[in-house]
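Undergrad: Here it is: the structure, laid out below.
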Amino acid sequence: MAYWLIKSEPDVYSIDDLRRDRQTIWDGVRNYQARNFLRQMQVGDLGFFYHSNTSPLGIVGLVKVIESDVIDPTQFDSNSPYYDPKSILESPRWFTVKIEFVEAFTQIITLETLKREFSPEQLLVVRKGNRLSVMPVEIEVAQKLLLR
DNA sequence: GCCAACGTTGGC
DNA sequence: GCCAACGTTGGC
């Protein structure tokens, strides 16, 4: 079982939105490195839900992967902001996962805290200039985060 | 609002 | 295939 971190701008989709929906397809990722991580995810993996572009920044909850290798439907939807005209039905370009809500942390683990407790080598999200929206989290780091 | 740090695009 | 220009992400 692996651990991941997924970023979302709460104005677009927040942990409260996921609590309300209970589950969602993690659509709209249009970066190949992030997609490759999404393709590595397996059912049962846990993800830390991170709020970006907001205040306070940080990890706000936990999610679980409940379906892997999901074809992102928005790539074929010309009305979607994530529409990709270059993607063809026979060989889709963008894959993702379906996730479900596990919990919203009573206290956000702020980026400031993450920077204090983990090095950029341990945790990609604290690395300066990092723009990946989906990234792996080392088991030791994940366990420390879950014990907080 | 600024801008660093990328990723992507397209001319050559 | 190189790389300059451009666009986006996301912290500050």
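Within each chain, counting starts at residue 1; across the structure tokens, chains are named A, B, ... in the order shown, with ligands numbered 1 upward in that order.
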Segment 6-139 of chain A: which residues are helix (DSSP H, G or I) by DSSP, as a PyMOL selection string?
TA: chain A and resi 15-21+32-40+73-76+111-117+124-126+139
Undergrad: Any chance you could export the current selection's N, CA, C and O atoms as a CSV table (one decimal), in the first residue's frame?
TA:
chain,number,residue,atom,x,y,z
A,15,ILE,N,-11.7,19.8,0.5
A,15,ILE,CA,-12.0,18.6,1.3
A,15,ILE,C,-13.5,18.6,1.7
A,15,ILE,O,-14.0,17.5,1.8
A,16,ASP,N,-14.1,19.7,1.9
A,16,ASP,CA,-15.5,19.7,2.3
A,16,ASP,C,-16.4,19.3,1.1
A,16,ASP,O,-17.4,18.7,1.3
A,17,ASP,N,-15.9,19.7,-0.1
A,17,ASP,CA,-16.6,19.2,-1.3
A,17,ASP,C,-16.6,17.7,-1.4
A,17,ASP,O,-17.6,17.0,-1.7
A,18,LEU,N,-15.4,17.1,-1.0
A,18,LEU,CA,-15.3,15.7,-1.1
A,18,LEU,C,-16.1,15.0,0.0
A,18,LEU,O,-16.7,13.9,-0.2
A,19,ARG,N,-16.1,15.6,1.2
A,19,ARG,CA,-16.9,15.1,2.3
A,19,ARG,C,-18.4,15.0,1.9
A,19,ARG,O,-19.1,14.1,2.1
A,20,ARG,N,-18.8,16.1,1.2
A,20,ARG,CA,-20.2,16.1,0.7
A,20,ARG,C,-20.5,15.1,-0.4
A,20,ARG,O,-21.5,14.4,-0.3
A,21,ASP,N,-19.5,15.0,-1.3
A,21,ASP,CA,-19.8,14.1,-2.5
A,21,ASP,C,-19.5,12.6,-2.1
A,21,ASP,O,-19.9,11.7,-2.8
A,32,TYR,N,2.1,15.3,-17.4
A,32,TYR,CA,2.4,13.9,-17.6
A,32,TYR,C,3.0,13.2,-16.4
A,32,TYR,O,2.8,12.0,-16.1
A,33,GLN,N,3.9,13.9,-15.7
A,33,GLN,CA,4.5,13.4,-14.5
A,33,GLN,C,3.4,13.0,-13.4
A,33,GLN,O,3.4,11.9,-12.8
A,34,ALA,N,2.5,13.9,-13.3
A,34,ALA,CA,1.4,13.7,-12.3
A,34,ALA,C,0.5,12.5,-12.8
A,34,ALA,O,0.1,11.7,-12.0
A,35,ARG,N,0.3,12.5,-14.1
A,35,ARG,CA,-0.5,11.4,-14.6
A,35,ARG,C,0.1,10.1,-14.4
A,35,ARG,O,-0.5,9.1,-14.0
A,36,ASN,N,1.5,10.0,-14.5
A,36,ASN,CA,2.2,8.8,-14.3
A,36,ASN,C,2.1,8.3,-12.9
A,36,ASN,O,2.0,7.1,-12.6
A,37,PHE,N,2.1,9.2,-12.0
A,37,PHE,CA,1.8,8.8,-10.6
A,37,PHE,C,0.4,8.3,-10.4
A,37,PHE,O,0.2,7.4,-9.7
A,38,LEU,N,-0.5,9.0,-11.0
A,38,LEU,CA,-1.9,8.5,-10.9
A,38,LEU,C,-2.1,7.1,-11.4
A,38,LEU,O,-2.8,6.3,-10.8
A,39,ARG,N,-1.3,6.8,-12.4
A,39,ARG,CA,-1.4,5.5,-13.0
A,39,ARG,C,-0.8,4.4,-12.1
A,39,ARG,O,-1.1,3.2,-12.2
A,40,GLN,N,0.1,4.8,-11.2
A,40,GLN,CA,0.7,3.9,-10.3
A,40,GLN,C,-0.2,3.6,-9.1
A,40,GLN,O,0.1,2.7,-8.3
A,73,PRO,N,-12.9,11.3,-18.0
A,73,PRO,CA,-13.9,11.6,-19.0
A,73,PRO,C,-13.8,13.0,-19.5
A,73,PRO,O,-14.3,13.3,-20.6
A,74,THR,N,-13.2,13.9,-18.7
A,74,THR,CA,-13.3,15.4,-19.2
A,74,THR,C,-12.4,15.6,-20.4
A,74,THR,O,-12.6,16.6,-21.1
A,75,GLN,N,-11.5,14.7,-20.7
A,75,GLN,CA,-10.6,14.9,-21.9
A,75,GLN,C,-11.4,14.9,-23.2
A,75,GLN,O,-11.0,15.4,-24.2
A,76,PHE,N,-12.6,14.2,-23.1
A,76,PHE,CA,-13.4,14.1,-24.3
A,76,PHE,C,-14.6,15.0,-24.3
A,76,PHE,O,-15.4,15.0,-25.2
A,111,LEU,N,1.7,24.1,5.7
A,111,LEU,CA,2.9,24.0,4.9
A,111,LEU,C,4.1,24.4,5.8
A,111,LEU,O,5.2,23.8,5.7
A,112,GLU,N,3.8,25.4,6.6
A,112,GLU,CA,4.9,25.9,7.5
A,112,GLU,C,5.3,24.7,8.4
A,112,GLU,O,6.5,24.5,8.6
A,113,THR,N,4.4,24.0,9.0
A,113,THR,CA,4.7,22.8,9.8
A,113,THR,C,5.4,21.8,9.0
A,113,THR,O,6.4,21.2,9.5
A,114,LEU,N,5.0,21.5,7.8
A,114,LEU,CA,5.6,20.5,7.0
A,114,LEU,C,7.0,20.9,6.7
A,114,LEU,O,7.9,20.0,6.7
A,115,LYS,N,7.3,22.1,6.4
A,115,LYS,CA,8.6,22.6,6.2
A,115,LYS,C,9.5,22.4,7.4
A,115,LYS,O,10.7,22.1,7.3
A,116,ARG,N,8.9,22.6,8.6
A,116,ARG,CA,9.7,22.5,9.8
A,116,ARG,C,10.1,21.1,10.1
A,116,ARG,O,11.1,20.8,10.6
A,117,GLU,N,9.1,20.2,9.8
A,117,GLU,CA,9.3,18.8,10.2
A,117,GLU,C,10.0,17.9,9.1
A,117,GLU,O,10.5,16.8,9.5
A,124,LEU,N,8.2,16.0,-1.2
A,124,LEU,CA,8.3,16.8,-2.4
A,124,LEU,C,7.6,18.1,-2.3
A,124,LEU,O,8.0,19.2,-2.8
A,125,VAL,N,6.5,18.1,-1.5
A,125,VAL,CA,5.6,19.3,-1.5
A,125,VAL,C,6.3,20.5,-0.8
A,125,VAL,O,5.9,21.7,-1.1
A,126,VAL,N,7.3,20.3,0.0
A,126,VAL,CA,8.0,21.4,0.6
A,126,VAL,C,9.1,21.9,-0.2
A,126,VAL,O,9.8,22.8,0.2
A,139,ILE,N,6.7,6.2,3.0
A,139,ILE,CA,5.9,5.5,4.1
A,139,ILE,C,6.2,6.1,5.5
A,139,ILE,O,5.3,6.4,6.3
Undergrad: Could you find all residues in segment 112-144 of chain A that DSSP calls strand (DSSP E) from the backbone, and write them as a ChimeraX atom specification?
TA: /A:134-137
Undergrad: Can I get the selection written as an mmCIF file, in the first residue's frame, with all heavy atoms?
TA:
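Once written, part.cif looks like this:
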data_model
loop_
_atom_site.group_PDB
_atom_site.id
_atom_site.type_symbol
_atom_site.label_atom_id
_atom_site.label_comp_id
_atom_site.auth_asym_id
_atom_site.auth_seq_id
_atom_site.Cartn_x
_atom_site.Cartn_y
_atom_site.Cartn_z
ATOM 1 N N VAL A 134 0.309 15.898 -8.100
ATOM 2 C CA VAL A 134 0.174 14.545 -7.560
ATOM 3 C C VAL A 134 1.570 14.014 -7.312
ATOM 4 O O VAL A 134 2.397 14.038 -8.214
ATOM 5 C CB VAL A 134 -0.540 13.602 -8.553
ATOM 6 C CG1 VAL A 134 -0.632 12.189 -7.998
ATOM 7 C CG2 VAL A 134 -1.927 14.127 -8.905
ATOM 8 N N MET A 135 1.834 13.561 -6.093
ATOM 9 C CA MET A 135 3.189 13.110 -5.801
ATOM 10 C C MET A 135 3.181 12.001 -4.748
ATOM 11 O O MET A 135 2.263 11.916 -3.936
ATOM 12 C CB MET A 135 4.024 14.291 -5.303
ATOM 13 C CG MET A 135 3.524 14.880 -4.005
ATOM 14 S SD MET A 135 4.363 16.414 -3.589
ATOM 15 C CE MET A 135 3.599 17.555 -4.735
ATOM 16 N N PRO A 136 4.206 11.152 -4.787
ATOM 17 C CA PRO A 136 4.282 10.089 -3.780
ATOM 18 C C PRO A 136 4.734 10.642 -2.432
ATOM 19 O O PRO A 136 5.399 11.672 -2.373
ATOM 20 C CB PRO A 136 5.344 9.151 -4.352
ATOM 21 C CG PRO A 136 6.187 10.007 -5.240
ATOM 22 C CD PRO A 136 5.286 11.090 -5.768
ATOM 23 N N VAL A 137 4.345 9.959 -1.366
ATOM 24 C CA VAL A 137 4.801 10.301 -0.014
ATOM 25 C C VAL A 137 5.448 9.058 0.572
ATOM 26 O O VAL A 137 4.851 7.975 0.567
ATOM 27 C CB VAL A 137 3.620 10.755 0.883
ATOM 28 C CG1 VAL A 137 4.098 11.016 2.311
ATOM 29 C CG2 VAL A 137 2.961 12.012 0.323
#
Undergrad: Distance cut-off 8 Å, counting only C-alpha atoms (C1' of nucleotides) - which residues of chain C neighbour chain A? Return them as a ChimeraX atom specification.
TA: /C:9-11
Undergrad: For atom CA of Lys98 of chain A and atom CA of Ser14 of chain A, quote the distance in Å rounded to one decimal.
TA: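 Result for atom CA of Lys98 of chain A versus atom CA of Ser14 of chain A: 15.4 Å, one decimal.
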Undergrad: Suppose you want the space between atom CA of Arg30 of chain A and atom CA of Phe95 of chain A; what is it in Å?
TA: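 Those two atoms sit 9.6 Å apart.
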Undergrad: What is the distance, in Å and to one decimal place, between atom CA of Phe105 of chain A and atom CA of Leu146 of chain A?
TA: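 Spanning atom CA of Phe105 of chain A to atom CA of Leu146 of chain A is a straight-line distance of 10.0 Å.
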Undergrad: Any idea what's packed within 10 Å of DT8 of chain B, counting only C-alpha atoms (C1' of nucleotides), ignoring anything in its chain fewer than 2 positions away? Could you give it as a list in words?
TA: DG10 of chain B; DC6, DG7 and DT8 of chain C
